[in-house]
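Chemist: model.txt (compact mmCIF, C-alpha atoms (C1' of nucleotides)) pasted underneath:
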# COMPACT_ATOMS: atom_id res chain seq x y z
CA MET A 1 -10.48 15.85 13.85
CA ARG A 2 -7.81 18.30 12.86
CA LYS A 3 -6.73 18.89 9.32
CA ALA A 4 -3.23 17.63 10.00
CA LYS A 5 -4.54 14.27 11.05
CA ARG A 6 -6.72 14.00 7.99
CA ALA A 7 -3.72 14.69 5.83
CA ARG A 8 -1.81 11.91 7.53
CA LEU A 9 -4.63 9.47 6.96
CA GLU A 10 -4.98 10.47 3.38
CA ALA A 11 -1.34 9.86 2.67
CA LYS A 12 -1.47 6.28 3.90
CA GLY A 13 -4.26 4.96 1.74
CA TRP A 14 -7.18 5.32 4.09
CA LYS A 15 -10.27 6.25 2.13
CA VAL A 16 -10.16 9.82 3.29
CA GLY A 17 -9.32 11.95 0.33
CA THR A 18 -11.20 15.17 0.36
CA VAL A 19 -13.07 16.58 3.29
CA ALA A 20 -16.32 15.58 1.62
CA GLU A 21 -15.16 12.02 1.28
CA PHE A 22 -14.02 12.05 4.84
CA LEU A 23 -17.45 13.01 6.02
CA GLU A 24 -18.84 9.93 4.30
CA LEU A 25 -17.11 7.75 6.83
CA THR A 26 -19.57 6.49 9.37
CA PRO A 27 -18.67 7.07 13.02
CA GLU A 28 -17.97 3.36 13.23
CA GLU A 29 -15.55 3.47 10.32
CA SER A 30 -13.80 6.45 11.86
CA ALA A 31 -13.62 4.74 15.23
CA LEU A 32 -12.00 1.68 13.70
CA ILE A 33 -9.37 3.80 11.98
CA GLU A 34 -8.70 5.66 15.19
CA ILE A 35 -8.25 2.38 17.03
CA LYS A 36 -5.74 1.18 14.49
CA LEU A 37 -3.81 4.43 14.51
CA ALA A 38 -3.74 4.47 18.31
CA LEU A 39 -2.22 0.99 18.24
CA SER A 40 0.29 2.03 15.58
CA ARG A 41 1.52 4.88 17.71
CA ARG A 42 1.68 2.81 20.86
CA LEU A 43 3.47 0.03 19.03
CA ARG A 44 6.18 2.38 17.85
CA GLU A 45 6.69 3.80 21.33
CA ARG A 46 7.04 0.39 22.89
CA ARG A 47 9.10 -1.17 20.13
CA GLN A 48 11.63 1.67 19.97
CA LYS A 49 12.45 1.24 23.64
CA ARG A 50 13.16 -2.43 23.20
CA MET A 51 14.34 -3.50 19.77
CA THR A 52 14.63 -2.78 16.08
CA GLN A 53 11.84 -3.40 13.60
CA ALA A 54 13.76 -6.38 12.23
CA GLN A 55 14.03 -7.93 15.68
CA LEU A 56 10.35 -7.53 16.37
CA ALA A 57 9.52 -8.95 12.96
CA GLU A 58 11.52 -12.06 13.72
CA LYS A 59 9.65 -12.59 16.99
CA ILE A 60 6.34 -12.84 15.21
CA GLN A 61 7.60 -14.42 11.99
CA SER A 62 6.86 -11.32 10.02
CA SER A 63 9.15 -8.98 8.12
CA GLN A 64 10.71 -5.63 8.77
CA SER A 65 8.67 -4.05 6.03
CA ARG A 66 5.40 -5.11 7.62
CA ILE A 67 6.45 -3.73 10.98
CA ALA A 68 7.32 -0.46 9.30
CA LYS A 69 3.91 -0.39 7.68
CA ALA A 70 2.24 -1.25 10.97
CA GLU A 71 3.99 1.62 12.73
CA THR A 72 3.27 4.11 9.99
CA GLY A 73 -0.41 3.24 9.93
CA HIS A 74 -0.70 1.71 6.49
CA SER A 75 -4.19 0.58 5.61
CA SER A 76 -2.95 -2.82 4.48
CA VAL A 77 -2.07 -3.77 8.05
CA SER A 78 -4.68 -5.70 9.97
CA LEU A 79 -5.74 -5.12 13.53
CA GLU A 80 -4.55 -8.62 14.18
CA LEU A 81 -0.99 -7.88 13.12
CA LEU A 82 -0.98 -4.75 15.24
CA VAL A 83 -2.09 -6.70 18.29
CA ARG A 84 0.34 -9.53 17.67
CA ALA A 85 3.15 -7.00 17.42
CA MET A 86 2.05 -5.27 20.61
CA LEU A 87 2.03 -8.59 22.44
CA ALA A 88 5.51 -9.31 21.12
CA THR A 89 6.77 -6.10 22.71
CA GLY A 90 5.56 -7.51 26.01
CA ALA A 91 2.34 -5.55 26.16
CA SER A 92 -0.40 -7.20 28.21
CA PRO A 93 -4.02 -7.41 27.08
CA LYS A 94 -4.69 -4.76 29.68
CA GLU A 95 -2.21 -2.38 28.07
CA ILE A 96 -3.60 -3.11 24.64
CA GLY A 97 -7.10 -2.49 25.92
CA LYS A 98 -6.04 0.87 27.28
CA ALA A 99 -4.51 1.90 24.00
CA ILE A 100 -7.69 0.96 22.17
CA ALA A 101 -9.82 2.78 24.71
CA GLY A 102 -7.81 5.89 23.89
CA ASP A 103 -6.16 6.23 27.26
CA GLN A 104 -3.19 8.48 27.27
CA LYS A 105 0.04 6.71 28.08
CA MET B 106 -6.86 -22.43 31.74
CA ARG B 107 -9.47 -25.00 32.55
CA LYS B 108 -10.01 -28.15 30.62
CA ALA B 109 -13.50 -27.07 29.60
CA LYS B 110 -12.16 -23.97 27.93
CA ARG B 111 -9.53 -25.93 26.10
CA ALA B 112 -12.20 -28.24 24.80
CA ARG B 113 -14.15 -25.28 23.50
CA LEU B 114 -11.14 -23.92 21.69
CA GLU B 115 -10.32 -27.25 20.20
CA ALA B 116 -13.79 -27.64 18.78
CA LYS B 117 -13.62 -24.39 16.86
CA GLY B 118 -10.47 -24.97 14.88
CA TRP B 119 -7.94 -23.20 17.04
CA LYS B 120 -4.67 -25.06 16.83
CA VAL B 121 -5.13 -26.61 20.23
CA GLY B 122 -5.75 -30.27 19.73
CA THR B 123 -4.12 -32.34 22.41
CA VAL B 124 -2.84 -30.99 25.70
CA ALA B 125 0.68 -31.31 24.38
CA GLU B 126 -0.15 -29.25 21.33
CA PHE B 127 -1.84 -26.74 23.52
CA LEU B 128 1.28 -26.27 25.55
CA GLU B 129 3.14 -25.38 22.39
CA LEU B 130 1.22 -22.13 22.16
CA THR B 131 3.35 -19.25 23.25
CA PRO B 132 1.89 -16.93 25.88
CA GLU B 133 1.42 -14.37 23.11
CA GLU B 134 -0.54 -16.79 20.97
CA SER B 135 -2.71 -17.70 23.94
CA ALA B 136 -3.27 -14.05 24.79
CA LEU B 137 -4.42 -13.30 21.26
CA ILE B 138 -6.90 -16.17 21.35
CA GLU B 139 -8.19 -15.03 24.72
CA ILE B 140 -8.67 -11.52 23.36
CA LYS B 141 -10.67 -12.82 20.44
CA LEU B 142 -12.81 -15.07 22.62
CA ALA B 143 -13.46 -12.25 25.06
CA LEU B 144 -14.70 -10.12 22.19
CA SER B 145 -16.85 -12.97 20.88
CA ARG B 146 -18.57 -13.33 24.20
CA ARG B 147 -19.06 -9.62 24.64
CA LEU B 148 -20.36 -9.28 21.13
CA ARG B 149 -23.01 -11.91 21.72
CA GLU B 150 -24.14 -10.25 24.94
CA ARG B 151 -24.49 -6.87 23.33
CA ARG B 152 -25.99 -8.04 20.07
CA GLN B 153 -28.65 -10.20 21.72
CA LYS B 154 -29.99 -7.23 23.63
CA ARG B 155 -30.37 -5.20 20.47
CA MET B 156 -30.96 -7.18 17.30
CA THR B 157 -30.74 -10.45 15.42
CA GLN B 158 -27.55 -11.69 13.78
CA ALA B 159 -29.04 -10.89 10.39
CA GLN B 160 -29.72 -7.29 11.40
CA LEU B 161 -26.22 -6.80 12.70
CA ALA B 162 -24.77 -8.36 9.57
CA GLU B 163 -26.66 -5.90 7.42
CA LYS B 164 -25.26 -2.97 9.39
CA ILE B 165 -21.71 -3.91 8.55
CA GLN B 166 -22.36 -5.40 5.12
CA SER B 167 -21.54 -8.84 6.32
CA SER B 168 -23.68 -11.96 6.50
CA GLN B 169 -25.58 -13.78 9.20
CA SER B 170 -23.26 -16.74 8.93
CA ARG B 171 -20.21 -14.64 9.65
CA ILE B 172 -21.83 -13.08 12.69
CA ALA B 173 -22.67 -16.56 13.94
CA LYS B 174 -19.06 -17.58 13.46
CA ALA B 175 -17.85 -14.43 15.19
CA GLU B 176 -20.02 -15.10 18.21
CA THR B 177 -19.08 -18.75 18.44
CA GLY B 178 -15.38 -17.99 18.30
CA HIS B 179 -14.50 -19.55 14.99
CA SER B 180 -10.83 -19.25 14.10
CA SER B 181 -11.63 -17.96 10.63
CA VAL B 182 -12.96 -14.71 12.06
CA SER B 183 -10.55 -11.82 12.22
CA LEU B 184 -10.07 -9.43 15.10
CA GLU B 185 -11.10 -6.72 12.69
CA LEU B 186 -14.52 -8.26 12.03
CA LEU B 187 -15.07 -8.71 15.76
CA VAL B 188 -14.29 -5.07 16.41
CA ARG B 189 -16.40 -3.83 13.51
CA ALA B 190 -19.30 -5.87 14.84
CA MET B 191 -18.82 -4.53 18.35
CA LEU B 192 -18.84 -0.97 17.03
CA ALA B 193 -22.03 -1.74 15.13
CA THR B 194 -23.73 -2.74 18.37
CA GLY B 195 -22.94 0.74 19.60
CA ALA B 196 -19.91 -0.19 21.66
CA SER B 197 -17.41 2.62 22.14
CA PRO B 198 -13.66 2.16 21.81
CA LYS B 199 -13.57 2.41 25.57
CA GLU B 200 -15.95 -0.51 25.97
CA ILE B 201 -14.00 -2.54 23.42
CA GLY B 202 -10.79 -1.73 25.24
CA LYS B 203 -12.26 -2.98 28.48
CA ALA B 204 -13.36 -6.23 26.90
CA ILE B 205 -9.88 -6.77 25.52
CA ALA B 206 -8.29 -5.91 28.84
CA GLY B 207 -10.35 -8.69 30.34
CA ASP B 208 -12.54 -6.52 32.52
CA GLN B 209 -15.66 -8.20 33.75
CA LYS B 210 -18.81 -6.65 32.49
C1' DT C 211 -48.49 -31.07 12.28
C1' DG C 212 -46.64 -27.46 9.49
C1' DC C 213 -44.86 -22.79 9.37
C1' DC C 214 -41.83 -19.26 10.81
C1' DT C 215 -37.80 -17.25 12.97
C1' DT C 216 -33.28 -17.55 14.63
C1' DC C 217 -28.83 -19.36 14.82
C1' DA C 218 -24.98 -22.85 13.42
C1' DT C 219 -22.05 -24.89 10.04
C1' DG C 220 -19.93 -26.14 5.59
C1' DT C 221 -18.33 -24.65 1.03
C1' DC C 222 -16.37 -21.60 -2.34
C1' DA C 223 -14.76 -17.88 -5.34
C1' DA C 224 -13.37 -13.18 -4.56
C1' DA C 225 -11.09 -9.84 -1.84
C1' DT C 226 -7.76 -8.74 1.49
C1' DT C 227 -3.63 -9.36 4.02
C1' DC C 228 0.40 -11.81 4.28
C1' DG C 229 5.78 -12.43 4.24
C1' DA C 230 9.44 -11.75 1.23
C1' DC C 231 12.27 -9.12 -1.51
C1' DA C 232 14.29 -5.09 -3.74
C1' DT C 233 15.44 -0.67 -3.18
C1' DA C 234 15.47 4.14 -1.40
C1' DT C 235 16.48 7.47 2.28
C1' DA C 236 18.74 9.06 6.27
C1' DG C 237 21.89 8.92 9.99
C1' DT C 238 26.28 7.24 12.00
C1' DT C 239 30.95 5.56 11.98
C1' DT C 240 35.42 4.78 10.10
C1' DA D 241 33.86 9.14 0.93
C1' DA D 242 32.59 4.52 1.80
C1' DA D 243 30.44 1.30 4.76
C1' DC D 244 27.00 0.12 7.93
C1' DT D 245 22.51 0.34 10.40
C1' DA D 246 17.70 1.40 10.76
C1' DT D 247 13.51 2.54 8.59
C1' DA D 248 10.15 3.43 4.58
C1' DT D 249 7.91 2.08 0.41
C1' DG D 250 6.52 -0.57 -3.69
C1' DT D 251 5.55 -5.08 -5.74
C1' DC D 252 4.15 -9.82 -5.98
C1' DG D 253 2.56 -14.57 -5.43
C1' DA D 254 0.79 -17.12 -1.47
C1' DA D 255 -2.13 -17.48 2.43
C1' DT D 256 -5.98 -15.97 4.94
C1' DT D 257 -10.38 -13.90 5.50
C1' DT D 258 -14.35 -12.41 3.24
C1' DG D 259 -19.52 -12.34 1.95
C1' DA D 260 -22.74 -15.26 -0.09
C1' DC D 261 -25.31 -19.22 -0.26
C1' DA D 262 -27.26 -23.72 1.09
C1' DT D 263 -28.81 -26.31 4.57
C1' DG D 264 -29.62 -28.16 9.22
C1' DA D 265 -31.20 -27.76 14.02
C1' DA D 266 -34.12 -25.91 17.57
C1' DG D 267 -37.88 -23.40 19.35
C1' DG D 268 -42.41 -20.96 19.26
C1' DC D 269 -46.92 -20.97 17.71
C1' DA D 270 -51.06 -21.42 14.86
Write the structure described by the file as structure tokens, please.
Modeler:
Amino acid sequence: MRKAKRARLEAKGWKVGTVAEFLELTPEESALIEIKLALSRRLRERRQKRMTQAQLAEKIQSSQSRIAKAETGHSSVSLELLVRAMLATGASPKEIGKAIAGDQK
Amino acid sequence: MRKAKRARLEAKGWKVGTVAEFLELTPEESALIEIKLALSRRLRERRQKRMTQAQLAEKIQSSQSRIAKAETGHSSVSLELLVRAMLATGASPKEIGKAIAGDQK
DNA sequence: TGCCTTCATGTCAAATTCGACATATAGTTT
DNA sequence: AAACTATATGTCGAATTTGACATGAAGGCA
């Protein structure tokens, strides 16, 4: 993983911190974070084409602030909220699966 | 969806209940439940080949009871726990993505 | 039969995640 | 400049999800 990505993680509350701390993440922990970040990015792409954060929030009875946090990869956002938001943009399970698998768009 | 599947959902605490109630689920809500159930099934398959529920639980600092609930599709189990458990069986993000996409094994 | 292992299910206090709200920043329009 | 729109960020009480624990059920086996 590149340094720039680590810095992004660190800023959002993921337990990354120093390089040493980062290396304490198991591969499974890293994979989970990567999955969530991949969904965050894909969510933003899809949502921006279709609606505002406030509109998406309304669709899933959430709030604009949570959508913002979801798209910026905040650690307080669950995988579940990310997937619900993806579905609300019209993404199919197949598209979500691809994003999680790391497929390029 | 077949009646048998609905009955399974109903038994596990998903807000399904009667047929009428079931029909009140939006397609997005249904898709999310299907995703979780697909992961439950895949988790059981993979875990059984490799270890007991107690051993898997230890790997992710969870408990045997939560693994049992994850595999039986209990509504109290988060997508996040399902994915963490899948990763702990050695599943790659790609394999998890396939399961979510609905690919047959 | 009793013993052992594995899995299922219910409960509960603690931890996490939630939606809501306030507010800040930035860009656009008038 | 002021007003308006979209997004980001912090906080907080409420809701959900958690691991832990107890216990039951089912099967294998001595």
Chemist: Neighbouring residues of DA254 (chain D) were defined as those with any atom within 12 Å, considering only C-alpha atoms (C1' of nucleotides); residues of the same chain fewer than 4 positions away were excluded. Please report them as JSON, numbers by chain.
Modeler: {"C": [227, 228, 229, 230]}
Chemist: Got a sec to align chain A on chain B by every in-order Cα pair and hand back the fitted coordinates as a short mmCIF file (atom, residue, chain, number, x, y, z; two decimals) with C-alpha atoms, in the coordinates of the input?
Modeler:
data_model
loop_
_atom_site.label_atom_id
_atom_site.label_comp_id
_atom_site.auth_asym_id
_atom_site.auth_seq_id
_atom_site.Cartn_x
_atom_site.Cartn_y
_atom_site.Cartn_z
CA MET A 1 -6.88 -22.61 31.74
CA ARG A 2 -9.53 -25.14 32.55
CA LYS A 3 -10.11 -28.26 30.56
CA ALA A 4 -13.58 -27.17 29.53
CA LYS A 5 -12.21 -24.08 27.87
CA ARG A 6 -9.59 -26.05 26.03
CA ALA A 7 -12.27 -28.33 24.71
CA ARG A 8 -14.22 -25.36 23.43
CA LEU A 9 -11.19 -24.00 21.65
CA GLU A 10 -10.38 -27.32 20.15
CA ALA A 11 -13.82 -27.70 18.70
CA LYS A 12 -13.64 -24.42 16.82
CA GLY A 13 -10.47 -24.98 14.85
CA TRP A 14 -7.97 -23.25 17.07
CA LYS A 15 -4.69 -25.12 16.96
CA VAL A 16 -5.21 -26.60 20.38
CA GLY A 17 -5.74 -30.28 19.95
CA THR A 18 -4.11 -32.24 22.66
CA VAL A 19 -2.80 -30.84 25.89
CA ALA A 20 0.73 -31.21 24.54
CA GLU A 21 -0.13 -29.21 21.48
CA PHE A 22 -1.79 -26.64 23.62
CA LEU A 23 1.36 -26.14 25.61
CA GLU A 24 3.19 -25.32 22.40
CA LEU A 25 1.26 -22.11 22.13
CA THR A 26 3.39 -19.20 23.18
CA PRO A 27 1.92 -16.90 25.83
CA GLU A 28 1.45 -14.36 23.08
CA GLU A 29 -0.52 -16.78 20.93
CA SER A 30 -2.67 -17.70 23.90
CA ALA A 31 -3.24 -14.06 24.75
CA LEU A 32 -4.40 -13.31 21.23
CA ILE A 33 -6.88 -16.18 21.32
CA GLU A 34 -8.15 -15.03 24.69
CA ILE A 35 -8.64 -11.53 23.34
CA LYS A 36 -10.66 -12.82 20.43
CA LEU A 37 -12.79 -15.07 22.60
CA ALA A 38 -13.43 -12.25 25.06
CA LEU A 39 -14.68 -10.12 22.18
CA SER A 40 -16.83 -12.97 20.87
CA ARG A 41 -18.55 -13.33 24.20
CA ARG A 42 -19.04 -9.62 24.65
CA LEU A 43 -20.35 -9.29 21.12
CA ARG A 44 -23.00 -11.90 21.72
CA GLU A 45 -24.12 -10.26 24.95
CA ARG A 46 -24.47 -6.87 23.34
CA ARG A 47 -25.98 -8.06 20.09
CA GLN A 48 -28.65 -10.22 21.74
CA LYS A 49 -29.97 -7.24 23.65
CA ARG A 50 -30.36 -5.21 20.51
CA MET A 51 -30.94 -7.16 17.32
CA THR A 52 -30.73 -10.43 15.45
CA GLN A 53 -27.56 -11.69 13.80
CA ALA A 54 -29.05 -10.89 10.40
CA GLN A 55 -29.73 -7.30 11.41
CA LEU A 56 -26.23 -6.80 12.70
CA ALA A 57 -24.80 -8.37 9.57
CA GLU A 58 -26.68 -5.89 7.42
CA LYS A 59 -25.29 -2.96 9.41
CA ILE A 60 -21.74 -3.90 8.56
CA GLN A 61 -22.40 -5.37 5.12
CA SER A 62 -21.58 -8.84 6.29
CA SER A 63 -23.71 -11.96 6.49
CA GLN A 64 -25.58 -13.78 9.19
CA SER A 65 -23.26 -16.73 8.92
CA ARG A 66 -20.20 -14.62 9.63
CA ILE A 67 -21.83 -13.07 12.67
CA ALA A 68 -22.66 -16.54 13.92
CA LYS A 69 -19.06 -17.57 13.44
CA ALA A 70 -17.84 -14.42 15.15
CA GLU A 71 -20.03 -15.10 18.18
CA THR A 72 -19.08 -18.74 18.40
CA GLY A 73 -15.38 -17.96 18.25
CA HIS A 74 -14.47 -19.52 14.93
CA SER A 75 -10.82 -19.20 14.04
CA SER A 76 -11.65 -17.90 10.57
CA VAL A 77 -12.99 -14.66 12.02
CA SER A 78 -10.57 -11.77 12.20
CA LEU A 79 -10.09 -9.40 15.08
CA GLU A 80 -11.13 -6.70 12.69
CA LEU A 81 -14.53 -8.23 12.04
CA LEU A 82 -15.07 -8.69 15.75
CA VAL A 83 -14.30 -5.04 16.41
CA ARG A 84 -16.41 -3.82 13.53
CA ALA A 85 -19.32 -5.86 14.85
CA MET A 86 -18.82 -4.52 18.36
CA LEU A 87 -18.85 -0.97 17.05
CA ALA A 88 -22.04 -1.73 15.14
CA THR A 89 -23.74 -2.73 18.39
CA GLY A 90 -22.94 0.76 19.63
CA ALA A 91 -19.92 -0.19 21.68
CA SER A 92 -17.41 2.62 22.16
CA PRO A 93 -13.66 2.16 21.82
CA LYS A 94 -13.56 2.42 25.58
CA GLU A 95 -15.93 -0.53 25.96
CA ILE A 96 -14.00 -2.53 23.42
CA GLY A 97 -10.78 -1.73 25.23
CA LYS A 98 -12.25 -2.99 28.47
CA ALA A 99 -13.34 -6.23 26.90
CA ILE A 100 -9.87 -6.77 25.49
CA ALA A 101 -8.27 -5.91 28.81
CA GLY A 102 -10.34 -8.71 30.32
CA ASP A 103 -12.49 -6.52 32.50
CA GLN A 104 -15.58 -8.19 33.75
CA LYS A 105 -18.76 -6.64 32.46
#
Chemist: Select from chain B every residue with an atom at most 9 Å from any atom of chain D, then for each give the shortest pair of atoms and their distance in Å to one decimal, using all atoms listed in the file, rows by chain and rising number, as JSON lines.
Modeler:
{"residue": "B:Gln166", "atom": "CA", "partner": "D:DG259", "partner_atom": "C1'", "distance": 8.1}
{"residue": "B:Ser167", "atom": "CA", "partner": "D:DG259", "partner_atom": "C1'", "distance": 6.0}
{"residue": "B:Ser168", "atom": "CA", "partner": "D:DG259", "partner_atom": "C1'", "distance": 6.2}
{"residue": "B:Arg171", "atom": "CA", "partner": "D:DG259", "partner_atom": "C1'", "distance": 8.1}
{"residue": "B:Ser181", "atom": "CA", "partner": "D:DT257", "partner_atom": "C1'", "distance": 6.7}
{"residue": "B:Val182", "atom": "CA", "partner": "D:DT257", "partner_atom": "C1'", "distance": 7.1}
{"residue": "B:Ser183", "atom": "CA", "partner": "D:DT257", "partner_atom": "C1'", "distance": 7.0}
Chemist: With distances taken over all atoms listed in the file, which of A:Lys105, A:Ile35, A:Glu10, A:Gly73 is nearest to chain B?
Modeler: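 Counting all atoms listed in the file, the residue closest to chain B is A:Ile35.
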Chemist: Do you have the CA of Leu43 (chain A)-CA of Ser75 (chain A) distance handy?
Modeler: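 CA of Ser75 (chain A) lies at a distance of 15.5 Å from CA of Leu43 (chain A).
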Chemist: Set the cut-off to 12 Å and count all atoms listed in the file: what are the residues of chain B that reach chain A? Output as a ChimeraX atom specification.
Modeler: /B:131-141,143-144,164-165,182-208
Chemist: Could you save the residues just selected, with C-alpha atoms, as a PDB file, keeping the file's coordinate frame?
Modeler:
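Printed below is result36.pdb as written:
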ATOM      1  CA  THR B 131       3.350 -19.250  23.250  1.00  0.00           C
ATOM      2  CA  PRO B 132       1.890 -16.930  25.880  1.00  0.00           C
ATOM      3  CA  GLU B 133       1.420 -14.370  23.110  1.00  0.00           C
ATOM      4  CA  GLU B 134      -0.540 -16.790  20.970  1.00  0.00           C
ATOM      5  CA  SER B 135      -2.710 -17.700  23.940  1.00  0.00           C
ATOM      6  CA  ALA B 136      -3.270 -14.050  24.790  1.00  0.00           C
ATOM      7  CA  LEU B 137      -4.420 -13.300  21.260  1.00  0.00           C
ATOM      8  CA  ILE B 138      -6.900 -16.170  21.350  1.00  0.00           C
ATOM      9  CA  GLU B 139      -8.190 -15.030  24.720  1.00  0.00           C
ATOM     10  CA  ILE B 140      -8.670 -11.520  23.360  1.00  0.00           C
ATOM     11  CA  LYS B 141     -10.670 -12.820  20.440  1.00  0.00           C
ATOM     12  CA  ALA B 143     -13.460 -12.250  25.060  1.00  0.00           C
ATOM     13  CA  LEU B 144     -14.700 -10.120  22.190  1.00  0.00           C
ATOM     14  CA  LYS B 164     -25.260  -2.970   9.390  1.00  0.00           C
ATOM     15  CA  ILE B 165     -21.710  -3.910   8.550  1.00  0.00           C
ATOM     16  CA  VAL B 182     -12.960 -14.710  12.060  1.00  0.00           C
ATOM     17  CA  SER B 183     -10.550 -11.820  12.220  1.00  0.00           C
ATOM     18  CA  LEU B 184     -10.070  -9.430  15.100  1.00  0.00           C
ATOM     19  CA  GLU B 185     -11.100  -6.720  12.690  1.00  0.00           C
ATOM     20  CA  LEU B 186     -14.520  -8.260  12.030  1.00  0.00           C
ATOM     21  CA  LEU B 187     -15.070  -8.710  15.760  1.00  0.00           C
ATOM     22  CA  VAL B 188     -14.290  -5.070  16.410  1.00  0.00           C
ATOM     23  CA  ARG B 189     -16.400  -3.830  13.510  1.00  0.00           C
ATOM     24  CA  ALA B 190     -19.300  -5.870  14.840  1.00  0.00           C
ATOM     25  CA  MET B 191     -18.820  -4.530  18.350  1.00  0.00           C
ATOM     26  CA  LEU B 192     -18.840  -0.970  17.030  1.00  0.00           C
ATOM     27  CA  ALA B 193     -22.030  -1.740  15.130  1.00  0.00           C
ATOM     28  CA  THR B 194     -23.730  -2.740  18.370  1.00  0.00           C
ATOM     29  CA  GLY B 195     -22.940   0.740  19.600  1.00  0.00           C
ATOM     30  CA  ALA B 196     -19.910  -0.190  21.660  1.00  0.00           C
ATOM     31  CA  SER B 197     -17.410   2.620  22.140  1.00  0.00           C
ATOM     32  CA  PRO B 198     -13.660   2.160  21.810  1.00  0.00           C
ATOM     33  CA  LYS B 199     -13.570   2.410  25.570  1.00  0.00           C
ATOM     34  CA  GLU B 200     -15.950  -0.510  25.970  1.00  0.00           C
ATOM     35  CA  ILE B 201     -14.000  -2.540  23.420  1.00  0.00           C
ATOM     36  CA  GLY B 202     -10.790  -1.730  25.240  1.00  0.00           C
ATOM     37  CA  LYS B 203     -12.260  -2.980  28.480  1.00  0.00           C
ATOM     38  CA  ALA B 204     -13.360  -6.230  26.900  1.00  0.00           C
ATOM     39  CA  ILE B 205      -9.880  -6.770  25.520  1.00  0.00           C
ATOM     40  CA  ALA B 206      -8.290  -5.910  28.840  1.00  0.00           C
ATOM     41  CA  GLY B 207     -10.350  -8.690  30.340  1.00  0.00           C
ATOM     42  CA  ASP B 208     -12.540  -6.520  32.520  1.00  0.00           C
TER      43      ASP B 208
END
Chemist: Could you state the separation of CA of Lys174 (chain B) and C1' of DA218 (chain C) in Å, given to one decimal place?
Modeler: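 These atoms are spaced 7.9 Å apart.
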Chemist: What does the distance between CA of Gln169 (chain B) and CA of Leu25 (chain A) come to in Å, to one decimal place?
Modeler: 23.3 Å
Chemist: Please report, as lines of an AutoDock Vina configuration file, the centre and edge lengths in Å to one decimal of an axis-aligned box covering all listed atoms of region 214-229 of chain C with 4 Å per side.
Modeler:
center_x = -18.0
center_y = -17.4
center_z = 4.7
size_x = 55.6
size_y = 25.4
size_z = 28.2
Chemist: Per residue of chain B within 9 Å of chain C, which atom pair is closest and at what distance in Å (one decimal), using all atoms listed in the file, listed by chain and increasing number, as CSV?
Modeler:
residue,atom,partner,partner_atom,distance
B:Thr157,CA,C:DT216,C1',7.6
B:Gln158,CA,C:DC217,C1',7.8
B:Ala159,CA,C:DT216,C1',9.0
B:Gln169,CA,C:DC217,C1',8.6
B:Ser170,CA,C:DA218,C1',7.8
B:Ala173,CA,C:DA218,C1',6.7
B:Lys174,CA,C:DA218,C1',7.9
B:Thr177,CA,C:DA218,C1',8.8
